[in-house]
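Engineer: Sharing run_37.txt here; it has compact mmCIF, C-alpha atoms and all ligand atoms.
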# COMPACT_ATOMS: atom_id res chain seq x y z
CA MET K 1 143.85 79.96 32.80
CA ALA K 2 140.44 81.49 33.08
CA ILE K 3 137.59 79.67 34.63
CA TRP K 4 134.20 81.11 34.18
CA LEU K 5 131.68 80.01 36.65
CA ILE K 6 128.28 80.38 35.18
CA SER K 7 125.90 79.44 37.88
CA PRO K 8 123.10 81.23 39.62
CA PRO K 9 124.18 83.11 42.71
CA VAL K 10 123.62 81.11 45.84
CA THR K 11 121.48 82.94 48.31
CA THR K 12 120.50 81.74 51.70
CA PRO K 13 116.86 82.32 52.31
CA VAL K 14 116.20 83.64 55.76
CA ALA K 15 112.94 82.59 57.27
CA ALA K 16 111.12 85.46 58.87
CA GLU K 17 110.85 83.62 62.17
CA GLU K 18 114.59 83.44 62.51
CA SER K 19 115.25 87.14 62.72
CA VAL K 20 112.00 88.82 63.63
CA ARG K 21 109.45 87.80 66.21
CA VAL K 22 106.08 89.37 66.75
CA LEU K 23 104.80 88.62 70.25
CA ASP K 24 101.52 89.22 72.01
CA ALA K 25 99.57 90.67 69.13
CA TRP K 26 96.31 91.92 70.56
CA ALA K 27 93.57 94.42 70.02
CA ARG K 28 90.86 95.93 72.16
CA ALA K 29 87.29 94.92 71.47
CA SER K 30 85.42 97.63 69.60
CA ILE K 31 81.87 98.80 70.15
CA LEU K 32 81.20 99.82 66.58
CA ALA K 33 82.68 98.72 63.29
CA SER K 34 82.46 102.34 62.16
CA ARG K 35 85.16 103.42 64.60
CA PRO K 36 88.82 102.68 63.96
CA ALA K 37 90.36 100.05 66.20
CA ALA K 38 93.93 99.73 67.42
CA ALA K 39 96.13 96.67 67.57
CA TYR K 40 99.31 96.24 69.58
CA ALA K 41 102.25 93.86 69.68
CA THR K 42 105.80 93.49 70.84
CA ILE K 43 108.36 93.15 68.07
CA GLU K 44 111.94 91.99 68.41
CA SER K 45 114.58 91.25 65.85
CA ALA K 46 118.07 89.77 65.93
CA THR K 47 119.14 92.22 63.25
CA ASP K 48 118.24 95.83 62.55
CA ASP K 49 115.02 95.87 60.62
CA ARG K 50 112.12 98.13 59.87
CA LEU K 51 108.38 97.55 59.89
CA LEU K 52 107.15 98.97 56.62
CA GLY K 53 103.49 98.10 56.58
CA VAL K 54 100.67 96.07 58.03
CA THR K 55 97.66 94.46 56.40
CA THR K 56 94.70 92.47 57.68
CA PRO K 57 91.65 90.96 56.04
CA THR K 58 89.66 92.54 58.89
CA ALA K 59 90.17 96.16 57.84
CA ASP K 60 90.65 98.20 54.69
CA GLN K 61 93.85 99.76 55.87
CA VAL K 62 96.28 99.55 58.77
CA MET K 63 98.39 102.54 59.70
CA ILE K 64 101.32 102.61 62.08
CA HIS K 65 100.79 105.48 64.48
CA ALA K 66 102.92 107.03 67.15
CA VAL K 67 101.51 109.35 69.80
CA GLU K 68 103.09 112.72 70.36
CA LYS K 69 102.31 114.74 73.44
CA ASP K 70 102.05 118.46 72.96
CA GLY K 71 101.29 119.82 76.41
CA ASP K 72 97.98 118.23 77.37
CA VAL K 73 97.13 117.29 73.83
CA SER K 74 98.05 113.92 72.40
CA ARG K 75 98.26 113.65 68.68
CA MET K 76 98.64 110.60 66.53
CA LYS K 77 101.37 110.76 63.99
CA LEU K 78 101.75 108.47 61.01
CA VAL K 79 104.95 106.45 61.11
CA GLY K 80 106.18 105.57 57.64
CA ALA K 81 108.66 102.93 58.75
CA LEU K 82 109.09 101.77 62.31
CA ALA K 83 112.70 101.02 63.19
CA ILE K 84 113.28 97.73 65.01
CA PRO K 85 116.83 97.90 66.43
CA ALA K 86 118.68 94.62 66.77
CA GLY K 87 118.09 92.95 70.11
CA LYS K 88 115.71 95.62 71.41
CA ARG K 89 112.07 94.98 72.02
CA VAL K 90 109.73 97.49 70.49
CA THR K 91 106.40 97.46 72.27
CA LEU K 92 103.27 98.90 70.81
CA ALA K 93 100.83 99.61 73.63
CA PRO K 94 97.87 101.82 74.54
CA GLY K 95 98.91 105.44 74.87
CA GLY K 96 101.85 104.94 72.57
CA MET K 97 102.58 103.36 69.25
CA HIS K 98 99.81 101.31 67.74
CA MET K 99 98.54 99.84 64.53
CA MET K 100 95.36 101.66 63.59
CA LEU K 101 92.76 99.60 61.79
CA MET K 102 90.81 101.84 59.44
CA GLY K 103 87.63 100.67 57.77
CA LEU K 104 86.87 97.69 59.97
CA HIS K 105 84.74 95.12 58.21
CA ASP K 106 83.19 93.95 61.46
CA LYS K 107 83.41 95.07 65.02
CA LEU K 108 86.00 93.26 67.06
CA ASP K 109 84.39 90.96 69.57
CA GLU K 110 86.19 90.00 72.74
CA GLY K 111 87.55 86.46 72.49
CA ALA K 112 87.81 86.52 68.70
CA THR K 113 91.04 86.46 66.74
CA PHE K 114 92.00 87.80 63.35
CA SER K 115 95.13 87.55 61.28
CA MET K 116 97.44 90.42 60.56
CA THR K 117 100.50 90.48 58.31
CA LEU K 118 103.44 92.69 59.18
CA SER K 119 105.89 93.45 56.37
CA PHE K 120 109.50 93.97 57.37
CA GLU K 121 112.20 95.46 55.19
CA LYS K 122 114.62 92.57 55.65
CA SER K 123 112.64 89.73 57.16
CA GLY K 124 109.68 89.92 54.84
CA GLU K 125 106.18 89.14 55.91
CA VAL K 126 105.21 87.81 59.32
CA THR K 127 101.60 86.82 59.86
CA VAL K 128 100.27 86.66 63.39
CA GLU K 129 96.97 85.92 65.04
CA VAL K 130 95.69 88.91 66.95
CA SER K 131 93.66 88.21 70.09
CA VAL K 132 90.76 90.51 70.78
CA LEU K 133 90.74 91.36 74.47
CA GLY K 134 88.25 93.27 76.56
CA ILE K 135 87.30 96.83 75.80
CA ALA K 136 89.43 98.24 78.64
CA ALA K 137 92.29 95.75 78.43
CA ASP K 138 95.83 97.03 78.80
CA GLY K 139 97.44 93.97 77.29
CA PRO K 140 97.75 90.21 77.48
CA GLU K 141 98.24 88.92 81.02
CA ASN K 142 101.11 86.67 80.09
CA SER K 143 103.60 88.79 78.21
CA GLU K 144 105.62 85.84 76.96
CA LYS K 145 102.64 84.08 75.44
CA GLY K 146 102.22 83.99 71.68
CA ALA K 147 104.79 83.85 68.96
CA GLY K 148 105.13 85.07 65.47
CA GLN K 149 104.50 82.18 63.18
CU CU K 201 96.05 105.87 65.61
Now that the file is in, can you turn its structure into structure tokens?
Structural biologist:
Amino acid sequence: MAIWLISPPVTTPVAAEESVRVLDAWARASILASRPAAAYATIESATDDRLLGVTTPTADQVMIHAVEKDGDVSRMKLVGALAIPAGKRVTLAPGGMHMMLMGLHDKLDEGATFSMTLSFEKSGEVTVEVSVLGIAADGPENSEKGAGQ
């Protein structure tokens, strides 16, 4: 006896929040809109994932950059896809990896926020509010504050 099951495959949608979290998204205030700005965040995921791209209405383009030290010279290097290993926090911070905002539409004023959407290979898109901190800030004071929804 042959039974043909003709039904659409059942897939379980996975909400982005369940596997990937983007914490403490922040950026430094900028003096001029004509200069690129950098945004930072801490990313963690329950499963291996990769950050493939970032967009924001605040800038024309966002690039994921790593910093490579060559002697005394630091160079920024474009990261095509940023690996987020399961259970390990990946922190983007000044002097290291960052999201570079090219073609800012307005300068970033301290105290303002803007939205940014991070696209992950498996978890899809996660939109976060980015807090603009002071021009010399090293990061949010409370590192557990903020969540990725
Ligand atoms: Cu950069």
Engineer: At a cut-off of 6 Å, can you tabulate as a Markdown table every residue of chain K near ligand CU 201 (chain K) together with its closest atom pair and the distance in Å to one decimal, using only C-alpha atoms and all ligand atoms and ordering rows by chain then number?
Structural biologist:
| residue | atom | partner | partner_atom | distance |
| --- | --- | --- | --- | --- |
| K:His65 | CA | K:CU201 | CU | 4.9 |
| K:Met76 | CA | K:CU201 | CU | 5.5 |
| K:Met100 | CA | K:CU201 | CU | 4.7 |
Engineer: Tell me, as a list in words, which residues lie within 10 Å of K:Thr113, counting all atoms listed in the file; anything in the same chain fewer than 5 positions away does not count.
Structural biologist: Ala25, Trp26, Ala27, Leu108, Val128, Glu129, Val130, Ser131, Val132 and Leu133 of chain K
Engineer: Would you mind telling me which residue in K:Ala137, K:Leu52, K:Ala93, K:Ala86 lies nearest to K:Val67 when using only C-alpha atoms?
Structural biologist: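 Selected residue with least distance to K:Val67: K:Ala93.
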Engineer: My list of candidates is K:Pro94, K:Pro140, K:Gly80, K:Gly87. Which is closest to K:Ile64 when distances are computed with all atoms listed in the file?
Structural biologist: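 Smallest distance to K:Ile64 is found for K:Gly80.
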Engineer: Near K:Asp109, within 9 Å and counting only C-alpha atoms, which residues show up once chain neighbours fewer than 6 positions away are dropped, as a list in words?
Structural biologist: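 Selected residues are Arg28, Ala29, Ser30, Ile31, Val132, Leu133 and Gly134 of chain K.
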Engineer: Now that the selection is made, can you save its residues with C-alpha atoms as a PDB file, keeping the file's coordinate frame?
Structural biologist:
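Final output, saved to again11.pdb:
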ATOM      1  CA  ARG K  28      90.860  95.930  72.160  1.00  0.00           C
ATOM      2  CA  ALA K  29      87.290  94.920  71.470  1.00  0.00           C
ATOM      3  CA  SER K  30      85.420  97.630  69.600  1.00  0.00           C
ATOM      4  CA  ILE K  31      81.870  98.800  70.150  1.00  0.00           C
ATOM      5  CA  VAL K 132      90.760  90.510  70.780  1.00  0.00           C
ATOM      6  CA  LEU K 133      90.740  91.360  74.470  1.00  0.00           C
ATOM      7  CA  GLY K 134      88.250  93.270  76.560  1.00  0.00           C
TER       8      GLY K 134
END
Engineer: Could you give me, as CSV, every stretch 81-124 of chain K residue with an atom at most 8 Å from stretch 34-49 of chain K, plus its closest atom pair and distance in Å to one decimal, counting all atoms listed in the file, rows ordered by chain then number?
Structural biologist:
residue,atom,partner,partner_atom,distance
K:Ala83,CA,K:Asp49,CA,6.2
K:Ile84,CA,K:Asp49,CA,5.1
K:Pro85,CA,K:Asp48,CA,4.6
K:Ala86,CA,K:Thr47,CA,4.3
K:Gly87,CA,K:Ala46,CA,5.3
K:Lys88,CA,K:Glu44,CA,6.0
K:Arg89,CA,K:Glu44,CA,4.7
K:Val90,CA,K:Ile43,CA,5.2
K:Thr91,CA,K:Thr42,CA,4.3
K:Leu92,CA,K:Tyr40,CA,4.9
K:Ala93,CA,K:Tyr40,CA,5.5
K:Pro94,CA,K:Tyr40,CA,7.6
K:Met97,CA,K:Tyr40,CA,7.8
K:His98,CA,K:Tyr40,CA,5.4
K:Met99,CA,K:Ala39,CA,5.0
K:Met100,CA,K:Ala38,CA,4.5
K:Leu101,CA,K:Ala37,CA,5.0
K:Met102,CA,K:Pro36,CA,5.0
K:Gly103,CA,K:Pro36,CA,6.6
K:Leu104,CA,K:Pro36,CA,6.7
K:Lys107,CA,K:Ser34,CA,7.9
K:Phe120,CA,K:Asp49,CA,6.7
K:Glu121,CA,K:Asp49,CA,6.1
K:Lys122,CA,K:Asp49,CA,6.0
K:Ser123,CA,K:Asp49,CA,7.4
Engineer: Using atom CA of K:Asp24 and atom CA of K:Glu141 as the two end points, give the distance in Å to one decimal.
Structural biologist: 9.6 Å
Engineer: Could the centre and edge lengths of an axis-aligned box, enclosing all atoms of stretch 43-56 of chain K in the file with 4 Å extra on each side, be given in Å to one decimal as AutoDock Vina command-line options?
Structural biologist:
--center_x 106.9 --center_y 94.4 --center_z 62.4 --size_x 32.4 --size_y 17.2 --size_z 20.0
Engineer: Separation of atom CA of K:Val22 and atom CA of K:Val79, in Å?
Structural biologist: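 Separating atom CA of K:Val22 from atom CA of K:Val79 is a distance of 18.0 Å.
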Engineer: Can you work out the spacing between atom CA of K:Thr56 and atom CA of K:Phe114 in Å, to one decimal?
Structural biologist: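 For atom CA of K:Thr56 relative to atom CA of K:Phe114, the distance reads 7.8 Å.
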